[in-house]
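Asks: Data: entry-v8.cif, mmCIF, C-alpha atoms and all ligand atoms.
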data_target
#
loop_
_atom_site.label_atom_id
_atom_site.label_comp_id
_atom_site.auth_asym_id
_atom_site.auth_seq_id
_atom_site.Cartn_x
_atom_site.Cartn_y
_atom_site.Cartn_z
CA MET Z 29 28.78 22.93 17.93
CA SER Z 30 27.19 23.52 14.59
CA GLN Z 31 27.83 20.81 12.03
CA SER Z 32 26.72 20.18 8.49
CA PRO Z 33 24.25 17.35 7.89
CA SER Z 34 25.69 13.94 7.12
CA ALA Z 35 26.37 13.19 3.50
CA PRO Z 36 23.53 11.22 1.86
CA GLU Z 37 25.86 8.24 1.33
CA ASP Z 38 26.44 7.90 5.08
CA GLU Z 39 25.54 4.20 5.36
CA GLY Z 40 24.81 4.18 9.09
CA VAL Z 41 22.43 7.13 8.89
CA SER Z 42 20.58 5.89 5.83
CA THR Z 43 20.30 2.32 7.19
CA ALA Z 44 18.85 3.65 10.46
CA VAL Z 45 16.28 5.78 8.60
CA LYS Z 46 15.36 2.91 6.27
CA HIS Z 47 14.81 0.56 9.22
CA ALA Z 48 12.82 3.26 11.04
CA LEU Z 49 10.47 3.60 8.05
CA GLY Z 50 10.21 -0.18 7.81
CA TRP Z 51 9.15 -0.36 11.45
CA LEU Z 52 6.64 2.46 10.93
CA VAL Z 53 4.99 0.45 8.16
CA PHE Z 54 4.94 -2.71 10.27
CA GLY Z 55 3.68 -0.80 13.34
CA ASN Z 56 0.90 0.74 11.27
CA ALA Z 57 -0.05 -2.66 9.85
CA VAL Z 58 -0.34 -3.99 13.41
CA GLY Z 59 -2.34 -0.89 14.45
CA LEU Z 60 -4.71 -1.45 11.54
CA TYR Z 61 -5.06 -5.14 12.43
CA LEU Z 62 -5.84 -4.18 16.06
CA SER Z 63 -8.49 -1.74 14.96
CA VAL Z 64 -10.07 -4.39 12.71
CA LEU Z 65 -9.97 -7.00 15.51
CA LEU Z 66 -12.22 -4.71 17.55
CA LEU Z 67 -14.75 -4.90 14.73
CA VAL Z 68 -14.27 -8.56 13.80
CA PRO Z 69 -12.86 -10.44 16.83
CA SER Z 70 -13.01 -13.74 14.94
CA TRP Z 71 -10.00 -12.59 12.88
CA GLN Z 72 -7.75 -13.45 15.79
CA VAL Z 73 -5.04 -15.93 14.79
CA GLY Z 74 -4.40 -18.72 17.31
CA GLU Z 75 -3.22 -17.50 20.68
CA TRP Z 76 -2.00 -14.18 19.31
CA THR Z 77 -4.72 -12.18 21.02
CA TYR Z 78 -5.48 -8.44 20.88
CA GLY Z 79 -3.68 -8.05 24.21
CA ARG Z 80 -0.52 -9.64 22.82
CA TRP Z 81 -0.48 -7.50 19.69
CA VAL Z 82 -0.85 -4.23 21.66
CA PRO Z 83 2.75 -4.22 23.05
CA VAL Z 84 3.99 -5.10 19.55
CA HIS Z 85 2.21 -2.03 18.11
CA LEU Z 86 3.42 0.26 20.89
CA ASN Z 87 7.04 -0.92 21.10
CA VAL Z 88 7.58 -1.09 17.35
CA GLN Z 89 6.39 2.52 17.04
CA LEU Z 90 8.61 3.62 19.94
CA TYR Z 91 11.80 1.55 19.59
CA GLY Z 92 11.57 1.25 15.80
CA TRP Z 93 10.03 4.32 14.22
CA THR Z 94 10.82 6.85 16.96
CA ALA Z 95 14.17 5.64 18.33
CA LEU Z 96 16.02 4.76 15.13
CA PRO Z 97 15.97 8.32 13.70
CA LEU Z 98 17.57 9.35 17.02
CA VAL Z 99 20.20 6.63 16.47
CA ALA Z 100 20.81 8.14 13.02
CA TRP Z 101 21.20 11.52 14.70
CA LEU Z 102 23.82 10.07 17.07
CA PHE Z 103 25.75 8.62 14.10
CA SER Z 104 25.70 12.04 12.51
CA MET Z 105 26.75 13.94 15.67
CA TYR Z 106 29.63 11.56 16.42
CA GLU Z 107 30.66 11.61 12.73
CA VAL Z 108 30.57 7.82 12.61
CA GLY Z 109 30.30 7.94 8.81
CA ARG Z 110 33.67 9.67 8.57
CA SER Z 111 35.41 7.26 10.94
CA LYS Z 112 36.79 3.75 10.63
CA SER Z 113 33.79 2.45 12.60
CA ALA Z 114 31.51 3.46 9.67
CA ALA Z 115 31.31 -0.15 8.53
CA TRP Z 116 29.96 -1.15 11.95
CA ALA Z 117 27.12 1.37 12.00
CA PRO Z 118 24.74 -0.58 9.71
CA ALA Z 119 25.56 -3.72 11.73
CA ALA Z 120 24.55 -1.88 14.92
CA VAL Z 121 21.24 -0.92 13.28
CA TRP Z 122 20.63 -4.51 12.19
CA GLY Z 123 21.40 -5.63 15.75
CA TRP Z 124 18.83 -3.14 17.06
CA SER Z 125 16.18 -4.34 14.60
CA ALA Z 126 16.95 -7.99 15.37
CA ALA Z 127 16.42 -7.32 19.09
CA LEU Z 128 13.13 -5.58 18.37
CA ALA Z 129 11.99 -8.44 16.14
CA MET Z 130 12.88 -10.86 18.91
CA GLY Z 131 10.93 -8.68 21.34
CA ALA Z 132 7.87 -8.82 19.06
CA LEU Z 133 8.02 -12.62 18.99
CA HIS Z 134 8.34 -12.74 22.78
CA TRP Z 135 5.37 -10.40 23.30
CA LEU Z 136 3.27 -12.41 20.88
CA GLY Z 137 4.25 -15.51 22.80
CA GLY Z 138 2.92 -13.89 25.96
CA GLU Z 139 6.36 -13.30 27.47
CA THR Z 140 6.37 -9.74 28.79
CA GLY Z 141 7.38 -7.84 31.91
CA GLY Z 142 3.95 -6.18 31.72
CA LYS Z 143 5.13 -2.57 31.88
CA ILE Z 144 3.94 -0.35 29.06
CA PHE Z 145 6.86 0.51 26.75
CA LEU Z 146 9.18 -1.53 29.01
CA ASP Z 147 7.96 -5.02 28.20
CA TRP Z 148 11.50 -6.33 27.66
CA LYS Z 149 11.99 -9.66 29.44
CA ASN Z 150 14.39 -12.63 29.41
CA GLY Z 151 16.02 -13.28 26.00
CA ALA Z 152 14.47 -10.20 24.37
CA LEU Z 153 15.80 -7.99 27.19
CA TRP Z 154 19.33 -9.32 26.80
CA ALA Z 155 19.20 -9.05 23.02
CA PHE Z 156 18.22 -5.39 23.37
CA VAL Z 157 20.99 -4.78 25.92
CA VAL Z 158 23.54 -6.30 23.48
CA ALA Z 159 22.20 -4.01 20.72
CA LEU Z 160 22.56 -0.97 22.99
CA VAL Z 161 26.12 -1.91 23.94
CA MET Z 162 27.04 -2.46 20.31
CA LEU Z 163 25.69 0.96 19.34
CA TRP Z 164 27.56 2.55 22.20
CA ALA Z 165 30.83 0.85 21.16
CA VAL Z 166 30.45 2.22 17.61
CA LEU Z 167 30.01 5.75 19.00
CA VAL Z 168 33.00 5.37 21.34
CA MET Z 169 35.23 4.20 18.48
CA ALA Z 170 34.14 7.15 16.33
CA TRP Z 171 34.65 9.59 19.22
CA LYS Z 172 38.18 8.37 19.86
CA GLU Z 173 39.10 8.89 16.24
CA ARG Z 174 37.27 12.16 15.49
CA ALA Z 175 37.16 14.12 18.76
CA GLY Z 176 40.74 15.38 18.40
CA GLY Z 177 39.61 17.69 15.59
CA TRP Z 178 36.57 19.10 17.45
CA THR Z 179 36.27 22.21 19.59
CA LYS Z 180 36.86 21.78 23.31
CA LEU Z 181 33.16 22.33 23.99
CA LYS Z 182 32.02 19.70 21.50
CA ARG Z 183 34.63 17.26 22.80
CA ARG Z 184 33.38 17.65 26.36
CA VAL Z 185 29.68 17.60 25.57
CA SER Z 186 30.05 14.54 23.34
CA LEU Z 187 32.08 12.75 26.03
CA GLY Z 188 29.34 13.58 28.54
CA GLY Z 189 26.87 12.12 26.06
CA LEU Z 190 28.84 8.86 25.93
CA VAL Z 191 28.93 8.66 29.72
CA GLY Z 192 25.14 9.18 29.82
CA LEU Z 193 24.55 6.62 27.08
CA ALA Z 194 26.70 4.07 28.93
CA MET Z 195 24.04 4.04 31.64
CA VAL Z 196 21.13 3.28 29.31
CA PRO Z 197 21.43 -0.56 29.33
CA GLY Z 198 21.47 -0.54 33.15
CA VAL Z 199 18.52 1.85 33.29
CA ILE Z 200 16.53 -0.37 30.90
CA ILE Z 201 17.25 -3.48 32.99
CA LEU Z 202 16.27 -1.66 36.18
CA THR Z 203 13.13 0.06 34.91
CA ALA Z 204 11.87 -2.98 32.97
CA SER Z 205 12.01 -5.05 36.13
CA PRO Z 206 8.57 -5.66 37.69
CA LYS Z 207 10.22 -4.91 41.06
CA THR Z 208 10.61 -1.17 40.37
CA TYR Z 209 7.78 1.35 40.14
CA PRO Z 210 7.73 4.85 38.67
CA PRO Z 211 6.05 7.65 40.67
CA VAL Z 212 2.33 7.53 39.96
CA ASP Z 213 -0.63 9.71 40.74
CA HIS Z 214 -2.35 7.49 43.33
CA LEU Z 215 -5.82 8.66 42.40
CA THR Z 216 -5.58 7.88 38.68
CA GLY Z 217 -2.80 5.28 38.51
CA GLY Z 218 -1.28 7.45 35.75
CA PRO Z 219 1.84 9.60 35.67
CA THR Z 220 2.02 12.66 37.94
CA GLY Z 221 1.93 16.14 36.38
CA SER Z 222 5.57 16.62 37.31
CA SER Z 223 6.73 13.36 35.71
CA LEU Z 224 4.89 14.43 32.53
CA LEU Z 225 6.72 17.75 32.76
CA GLY Z 226 10.06 15.91 33.09
CA SER Z 227 9.52 13.77 29.99
CA SER Z 228 8.23 16.79 28.04
CA LEU Z 229 11.34 18.78 28.99
CA ILE Z 230 13.53 16.10 27.43
CA VAL Z 231 11.61 16.70 24.19
CA VAL Z 232 12.07 20.48 24.62
CA GLY Z 233 15.82 19.85 25.07
CA LEU Z 234 15.92 17.85 21.84
CA MET Z 235 14.04 20.63 20.03
CA LEU Z 236 16.51 23.21 21.32
CA LEU Z 237 19.41 20.99 20.27
CA LEU Z 238 18.19 19.91 16.83
CA PRO Z 239 18.57 23.19 14.91
CA ARG Z 240 21.90 23.93 16.63
CA VAL Z 241 23.34 20.65 15.42
CA VAL Z 242 21.71 19.92 12.07
CA ALA Z 243 20.18 23.13 10.67
CA GLY Z 244 22.04 24.72 7.78
CA SER Z 245 22.97 28.01 9.42
CA GLY Z 246 21.78 30.70 11.81
CA LYS Z 247 21.92 31.30 15.52
CA GLY Z 248 18.36 30.87 16.72
CA ARG Z 249 16.35 33.29 18.79
CA ALA Z 250 16.52 31.64 22.19
CA GLY Z 251 17.91 34.45 24.32
CA TRP Z 252 18.89 34.24 27.97
CA GLY Z 253 15.18 34.40 28.94
CA THR Z 254 14.46 31.09 27.16
CA TRP Z 255 17.46 29.34 28.75
CA ALA Z 256 16.59 30.70 32.20
CA TYR Z 257 13.00 29.48 31.76
CA PHE Z 258 14.34 26.07 30.71
CA GLY Z 259 16.41 25.92 33.91
CA PHE Z 260 13.45 27.06 36.03
CA CYS Z 261 11.22 24.33 34.53
CA TRP Z 262 13.80 21.66 35.46
CA ILE Z 263 14.08 22.98 39.02
CA PHE Z 264 10.29 23.05 39.39
CA PHE Z 265 10.14 19.50 38.03
CA GLY Z 266 12.70 18.31 40.62
CA VAL Z 267 10.82 19.91 43.54
CA ALA Z 268 7.31 18.81 42.44
CA GLU Z 269 8.56 15.29 41.72
CA ALA Z 270 10.10 15.05 45.20
CA VAL Z 271 6.90 16.34 46.85
CA GLY Z 272 4.61 14.08 44.73
CA GLY Z 273 0.82 14.53 44.77
CA THR Z 274 -2.19 14.13 42.52
CA HIS Z 275 -4.02 16.06 39.81
CA PHE Z 276 -5.94 17.88 42.59
CA ASP Z 277 -2.73 19.52 43.86
CA TRP Z 278 -1.91 22.93 42.39
CA TRP Z 279 1.82 22.22 41.99
CA GLN Z 280 1.11 19.13 39.89
CA ASN Z 281 -1.30 21.16 37.73
CA PHE Z 282 1.21 24.04 37.56
CA SER Z 283 3.88 21.59 36.34
CA LEU Z 284 1.90 21.16 33.13
CA LEU Z 285 1.04 24.86 32.89
CA LEU Z 286 4.78 25.40 32.37
CA MET Z 287 4.56 23.64 29.00
CA PRO Z 288 2.27 25.83 26.76
CA PRO Z 289 4.80 28.72 26.61
CA TRP Z 290 7.19 26.28 24.89
CA ALA Z 291 4.89 26.20 21.86
CA TRP Z 292 5.77 29.85 21.20
CA LEU Z 293 9.33 29.90 22.58
CA LEU Z 294 10.53 27.05 20.36
CA ALA Z 295 8.77 28.31 17.22
CA ARG Z 296 10.43 31.71 17.77
CA ASP Z 297 13.84 30.09 18.31
CA TRP Z 298 13.61 27.99 15.13
CA LYS Z 299 12.80 31.07 13.04
CA GLY Z 300 16.39 32.22 13.64
CA PHE Z 301 17.79 29.34 11.54
CA SER Z 302 17.71 28.75 7.83
CA TRP Z 303 16.26 25.40 6.77
CA PRO Z 304 16.35 23.21 3.67
CA ARG Z 305 13.24 23.67 1.51
CA ASP Z 306 12.19 20.00 1.74
CA SER Z 307 11.87 20.28 5.50
CA ARG Z 308 9.11 22.91 5.39
CA PHE Z 309 6.03 20.67 5.50
CA TRP Z 310 7.34 18.57 8.36
CA ARG Z 311 8.44 21.64 10.35
CA MET Z 312 5.01 23.24 9.98
CA ALA Z 313 3.27 19.99 10.90
CA MET Z 314 5.57 19.43 13.85
CA PHE Z 315 4.85 22.85 15.35
CA GLY Z 316 1.12 22.51 14.68
CA TRP Z 317 1.01 19.20 16.57
CA TRP Z 318 3.36 20.49 19.27
CA GLY Z 319 1.10 23.48 20.00
CA LEU Z 320 -1.97 21.24 20.15
CA LEU Z 321 -0.18 18.72 22.33
CA VAL Z 322 1.01 21.10 25.04
CA LEU Z 323 -2.33 22.89 25.14
CA THR Z 324 -4.61 19.85 25.17
CA GLY Z 325 -2.16 18.03 27.47
CA TYR Z 326 -2.58 20.82 30.01
CA LEU Z 327 -6.36 20.93 29.70
CA MET Z 328 -6.65 17.16 29.95
CA TYR Z 329 -5.00 17.14 33.36
CA PHE Z 330 -7.90 19.00 35.01
CA PRO Z 331 -9.74 16.52 37.28
CA TRP Z 332 -13.12 16.94 35.57
CA ILE Z 333 -11.60 16.02 32.21
CA LEU Z 334 -8.98 13.48 33.28
CA ASP Z 335 -11.36 11.55 35.49
CA ARG Z 336 -13.83 11.33 32.63
CA ILE Z 337 -11.55 10.20 29.81
CA LYS Z 338 -9.06 8.09 31.74
CA PHE Z 339 -9.03 4.53 30.36
CA THR Z 340 -11.27 5.48 27.43
CA GLN Z 341 -10.59 5.97 23.72
CA GLY Z 342 -9.96 9.62 24.67
CA LEU Z 343 -6.55 8.71 26.02
CA VAL Z 344 -5.79 6.72 22.88
CA ALA Z 345 -6.64 9.92 20.95
CA HIS Z 346 -4.05 11.79 23.03
CA SER Z 347 -1.41 9.09 22.41
CA HIS Z 348 -1.91 9.32 18.65
CA LEU Z 349 -1.80 13.11 18.78
CA ALA Z 350 1.53 12.82 20.58
CA MET Z 351 3.04 10.02 18.52
CA ALA Z 352 1.35 9.72 15.12
CA GLY Z 353 1.15 13.53 14.92
CA PHE Z 354 4.01 15.22 16.77
CA THR Z 355 6.67 12.51 17.16
CA THR Z 356 6.19 11.27 13.61
CA SER Z 357 6.69 14.82 12.29
CA PHE Z 358 9.81 15.23 14.44
CA CYS Z 359 11.28 11.92 13.22
CA ALA Z 360 10.48 12.61 9.56
CA LEU Z 361 12.01 16.08 9.88
CA LEU Z 362 15.12 14.58 11.42
CA ALA Z 363 15.36 12.08 8.55
CA VAL Z 364 15.12 14.90 5.99
CA LEU Z 365 17.74 17.03 7.75
CA LEU Z 366 20.20 14.17 8.27
CA THR Z 367 20.04 12.76 4.77
CA GLY Z 368 18.99 15.69 2.60
CA ARG Z 369 16.30 13.39 1.13
CA ARG Z 370 12.54 13.90 1.20
CA VAL Z 371 10.16 11.81 3.27
CA GLY Z 372 6.98 12.04 1.20
CA GLY Z 373 5.68 14.80 -1.05
CA ALA Z 374 3.13 17.50 -0.16
CA ALA Z 375 0.17 15.26 -1.04
CA SER Z 376 1.20 12.23 1.00
CA VAL Z 377 2.25 14.31 3.99
CA THR Z 378 -1.11 16.12 3.92
CA LEU Z 379 -2.93 12.81 3.61
CA TRP Z 380 -1.09 11.39 6.63
CA HIS Z 381 -1.92 14.36 8.84
CA GLY Z 382 -5.51 14.48 7.57
CA ALA Z 383 -5.98 10.82 8.54
CA VAL Z 384 -4.40 11.41 11.95
CA VAL Z 385 -6.72 14.40 12.58
CA VAL Z 386 -9.84 12.38 11.68
CA MET Z 387 -8.66 9.44 13.81
CA ILE Z 388 -8.01 11.69 16.81
CA LEU Z 389 -11.33 13.55 16.56
CA THR Z 390 -13.23 10.26 16.28
CA LEU Z 391 -11.44 8.68 19.25
CA ALA Z 392 -11.79 11.84 21.35
CA ALA Z 393 -15.55 12.01 20.68
CA MET Z 394 -15.97 8.32 21.49
CA GLY Z 395 -13.86 8.65 24.64
CA TRP Z 396 -15.88 11.63 25.85
CA ARG Z 397 -19.16 9.72 25.51
CA GLU Z 398 -17.68 6.52 26.87
CA GLY Z 399 -16.34 8.33 29.96
CA ALA Z 400 -19.76 9.76 30.82
CA GLU Z 401 -21.51 6.45 30.40
CA PRO Z 402 -19.41 3.34 29.70
CA SER Z 403 -22.52 1.41 28.71
CA TRP Z 404 -22.74 3.72 25.66
CA MET Z 405 -20.18 1.45 24.04
CA LEU Z 406 -22.60 -1.47 24.47
CA LEU Z 407 -25.97 0.23 24.12
CA LYS Z 408 -25.18 2.20 20.97
CA PRO Z 409 -23.47 -0.39 18.82
CA ASP Z 410 -24.09 1.56 15.60
CA TRP Z 411 -22.23 4.62 16.85
CA ARG Z 412 -19.47 2.49 18.28
CA GLU Z 413 -19.07 0.50 15.06
CA MET Z 414 -19.07 3.71 13.03
CA GLY Z 415 -16.30 5.20 15.18
CA LEU Z 416 -14.20 2.05 15.08
CA THR Z 417 -14.70 1.73 11.31
CA THR Z 418 -13.61 5.33 10.83
CA ARG Z 419 -10.42 4.56 12.75
CA SER Z 420 -9.76 1.53 10.54
CA ILE Z 421 -10.24 3.64 7.40
CA CYS Z 422 -7.76 6.18 8.75
CA GLY Z 423 -5.43 3.25 9.46
CA ILE Z 424 -5.66 2.10 5.83
CA VAL Z 425 -4.72 5.61 4.66
CA MET Z 426 -1.80 5.85 7.11
CA LEU Z 427 -0.51 2.40 6.26
CA SER Z 428 -0.69 3.12 2.50
CA VAL Z 429 1.02 6.50 2.83
CA SER Z 430 3.84 5.16 5.00
CA THR Z 431 4.36 2.19 2.65
CA GLY Z 432 4.80 4.73 -0.16
CA TRP Z 433 7.43 6.58 1.90
CA LEU Z 434 9.37 3.36 2.47
CA ILE Z 435 9.23 2.26 -1.17
CA ASN Z 436 10.34 5.69 -2.39
CA TRP Z 437 13.14 5.76 0.13
CA LYS Z 438 14.48 2.42 -1.03
CA THR Z 439 14.21 3.04 -4.76
CA ARG Z 440 15.42 6.65 -5.01
C1 LIG N 1 -2.29 2.80 10.89
C2 LIG N 1 -2.39 3.67 11.86
C3 LIG N 1 -2.70 3.27 13.27
C4 LIG N 1 -3.75 2.54 13.76
C5 LIG N 1 -4.93 1.98 12.99
C6 LIG N 1 -3.57 2.42 15.19
C7 LIG N 1 -4.40 1.76 16.05
C8 LIG N 1 -4.25 1.66 17.41
C9 LIG N 1 -5.13 0.96 18.30
C10 LIG N 1 -6.34 0.13 17.87
C11 LIG N 1 -4.69 1.17 19.56
C12 LIG N 1 -5.37 0.71 20.84
C13 LIG N 1 -4.57 -0.27 21.62
C14 LIG N 1 -5.22 -0.51 22.96
O1 LIG N 1 -6.33 -1.06 23.01
O2 LIG N 1 -4.62 -0.14 23.97
C15 LIG N 1 -3.51 1.98 19.49
C16 LIG N 1 -2.79 2.44 20.56
C17 LIG N 1 -1.64 3.21 20.46
N1 LIG N 1 -0.99 3.58 19.29
FE1 LIG N 1 -1.67 3.31 17.42
N2 LIG N 1 -2.42 3.10 15.53
C18 LIG N 1 -1.85 3.61 14.38
C19 LIG N 1 -0.70 4.37 14.28
C20 LIG N 1 0.11 4.70 15.33
C21 LIG N 1 1.33 5.45 15.22
C22 LIG N 1 1.93 5.98 13.92
C23 LIG N 1 1.82 5.58 16.48
C24 LIG N 1 3.09 6.24 16.95
C25 LIG N 1 4.04 6.73 16.18
C26 LIG N 1 0.90 4.93 17.40
C27 LIG N 1 1.03 4.88 18.77
C28 LIG N 1 0.12 4.32 19.64
C29 LIG N 1 0.19 4.43 21.08
C30 LIG N 1 1.25 5.16 21.88
C31 LIG N 1 -0.92 3.74 21.59
C32 LIG N 1 -1.28 3.55 23.07
C33 LIG N 1 -2.52 4.32 23.39
C34 LIG N 1 -2.91 4.26 24.87
O3 LIG N 1 -2.98 3.15 25.43
O4 LIG N 1 -3.13 5.33 25.44
N3 LIG N 1 -0.12 4.40 16.66
N4 LIG N 1 -3.26 2.27 18.16
#
Is it possible to express this structure as structure tokens?

Replies:
Amino acid sequence: MSQSPSAPEDEGVSTAVKHALGWLVFGNAVGLYLSVLLLVPSWQVGEWTYGRWVPVHLNVQLYGWTALPLVAWLFSMYEVGRSKSAAWAPAAVWGWSAALAMGALHWLGGETGGKIFLDWKNGALWAFVVALVMLWAVLVMAWKERAGGWTKLKRRVSLGGLVGLAMVPGVIILTASPKTYPPVDHLTGGPTGSSLLGSSLIVVGLMLLLPRVVAGSGKGRAGWGTWAYFGFCWIFFGVAEAVGGTHFDWWQNFSLLLMPPWAWLLARDWKGFSWPRDSRFWRMAMFGWWGLLVLTGYLMYFPWILDRIKFTQGLVAHSHLAMAGFTTSFCALLAVLLTGRRVGGAASVTLWHGAVVVMILTLAAMGWREGAEPSWMLLKPDWREMGLTTRSICGIVMLSVSTGWLINWKTR
């Protein structure tokens, strides 16, 4: 089901990427403001407290910066740009952004379901559901027109994709409801090892799919062993998830031990494809962060580490490793592959990753101390202020770099 990247003039794809970059800039500005509020709490504006800005920062980075490149990918896979529904694709992206903007206003107004990354409630929830349905309708229209010319396999897989996507609005309504609960590790209140494995395997699936759908050419080096291991991981996930447990149970720990081999397996697979030159930096960065993520993610799950850094800045360090490091690299790479245009030059990309590294190391060090002795945050104000200031400086760098990416994208 190999397919050439969308033409640069594909309006739907380029609108989705432009909006994604716009949300990245806004999300970073909010992140920077949050980090400054910790240093100067008097900079709070009215009732828009730190706690109200946090879901804005998180959701804008997830539903804006991370999700919209995936929307662009869907447009490309379903060949929306070559169908009569092409004119509707930018409208679907605008609908998505409008729902997210409405969400931000709701969260700032204190209207939230209270679930992290699933804060959608009332009007904002329904606006997002409408945006999802609109996007789905655009894909269905394109499928009906284009699928006749595709191979049988692509026709079936893409139809399966539409069936799966049709369930997303319902899943969002259900999971955002305060009445439903995900499986949690009862000792930490966090996700179980197996549920972390499940969400990581979705990312592995996307990384197996990406080169097969958008890379220039090549077959990849994932032999039967890789596919069998992928299947085994899913089966283990299903069993461990059904059994449940905590981070003291070997099967929950083993769930995460299944991830580090993917650092090597995926890198080996991707070597079997040929890639556009402009994608090199982001590919290297993505695999660097991916390796770090699966390794540190595994180590962090050991009770003597998890119990120490849970609810400290250490966990915020992990989140930024995952999202500002890995996910950002994945999304930027996707943007480059789908449009054939660069996201940043060598200098700005290096600056971004340098700032993320410094931010993560600072937060991890603070979290480690804080976990041993929470009063350290109060008793050592100089160290605390220095750490928080360092994070703000990194935020200024990241905000400036991402603003440059957006401006270049719009003017080129
Ligand atoms: C300008 C750069 C950034 C700054 C200064 C910044 C700052 C912050 C701050 C202060 C928090 C703590 C919120 C809390 O108290 O719970 C936070 C949390 C978070 N940020 Fe950022 N951020 C930045 C960029 C990003 C990016 C690019 C992403 C994702 C693509 C991201 C994803 C997250 C996530 C997932 C959390 C939740 C952490 C947790 O609760 O474990 N941030 N950020």

Asks: Around ligand LIG 1 (chain N), out to 7 Å and counting all atoms listed in the file, which residues are there? I want them as number ranges by chain.

Replies: Z: 52, 55-57, 59-60, 62-63, 82, 85-86, 89-90, 93-94, 343-344, 346-348, 351-352, 355-356, 419-420, 422-424, 426-427

Asks: Near Val68 (chain Z), counting all atoms listed in the file, which residues have an atom at most 12 Å away, once you skip same-chain residues fewer than 4 positions from it, shown as number ranges by chain?

Replies: Z: 61-64, 72-73, 78, 413, 416-417, 420

Asks: Near region 120-126 of chain Z, counting only C-alpha atoms, which residues have an atom at most 9 Å away, once you skip same-chain residues fewer than 4 positions from it, shown as an NGL selection string?

Replies: :Z and (40 or 43-44 or 47 or 51 or 91-92 or 96 or 99 or 116 or 130-131 or 155-156 or 158-160 or 162-163 or 166)

Asks: To one decimal place, how far is CA of Ser104 (chain Z) from CA of Val242 (chain Z) in Å?

Replies: 8.8 Å

Asks: For CA of Asp306 (chain Z) and CA of Leu238 (chain Z), determine how far apart the two atoms are, in Å to one decimal place.

Replies: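 If I compute the distance from CA of Asp306 (chain Z) to CA of Leu238 (chain Z), I get 16.2 Å.
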
Asks: Could you check the closest approach to Leu65 (chain Z) for each of Z:Thr203, Z:Trp81, Z:Arg174, Z:Asp213 and tell me which residue wins, using all atoms listed in the file?

Replies: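 Checking each of Z:Thr203, Z:Trp81, Z:Arg174, Z:Asp213 against Leu65 (chain Z), counting all atoms listed in the file, the winner is Z:Trp81.
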
Asks: Please determine the residues with any atom at most 9 Å from (4.6, -2.6, 34.8) (coordinates as given in the file, with all atoms listed in the file counting) and report them as a list in words.

Replies: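 Output of the proximity query reads Gly141, Gly142, Lys143, Ile144, Phe145, Leu146, Asp147, Thr203, Ala204, Ser205, Pro206, Lys207, Thr208, Tyr209 and Pro210 of chain Z.
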
Asks: So that I can check the surroundings of Gly79 (chain Z), please list as a list in words every protein, DNA and RNA residue that reaches within 10 Å of it, counting all atoms listed in the file and ignoring chain neighbours fewer than 2 positions away.

Replies: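 Answer for this query is Leu62, Trp76, Thr77, Trp81, Val82, Pro83, Val84, Trp135, Leu136 and Gly138 of chain Z.
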
Asks: Is there a way to get, as a PyMOL selection string, all residues within 8 Å of the point (11.8, 9.5, -2.6) in file coordinates, counting only C-alpha atoms?

Replies: chain Z and resi 369-372+433+435-440

Asks: Neighbours of Ser186 (chain Z) within 9 Å (all atoms listed in the file; same-chain residues fewer than 2 positions away dropped), as a count of residues only?

Replies: 12

Asks: Take CA of Val429 (chain Z) and CA of Leu67 (chain Z) and report the distance between them in Å, one decimal.

Replies: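 Between these atoms lies a distance of 22.8 Å.
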
Asks: Nearest to Met314 (chain Z): which of Z:Lys338, Z:Lys299, Z:His381, Z:Lys180 is it, counting all atoms listed in the file?

Replies: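 Result for the nearest residue to Met314 (chain Z): Z:His381.
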
Asks: With distances taken over only C-alpha atoms, which of Z:Met312, Z:Ala374, Z:Met287, Z:Val425 is nearest to Leu224 (chain Z)?

Replies: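 Selected residue with least distance to Leu224 (chain Z): Z:Met287.
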
Asks: Could you check the closest approach to Ser42 (chain Z) for each of Z:Gly316, Z:Gly218, Z:Gly368, Z:Gly272 and tell me which residue wins, using all atoms listed in the file?

Replies: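 The closest residue to Ser42 (chain Z) is Z:Gly368.
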
Asks: Can you sort out the box for region 292-305 of chain Z, edges along x, y and z, all listed atoms in, 4 Å on every side, with centre and edge lengths in Å to one decimal, as lines of an AutoDock Vina configuration file?

Replies:
center_x = 11.8
center_y = 27.7
center_z = 12.0
size_x = 20.0
size_y = 17.0
size_z = 29.1

Asks: Nearest residue to Glu173 (chain Z) out of Z:Leu379, Z:Ala152, Z:Ala268, Z:Val108, using all atoms listed in the file?

Replies: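 The answer is Z:Val108, which sits nearest to Glu173 (chain Z).
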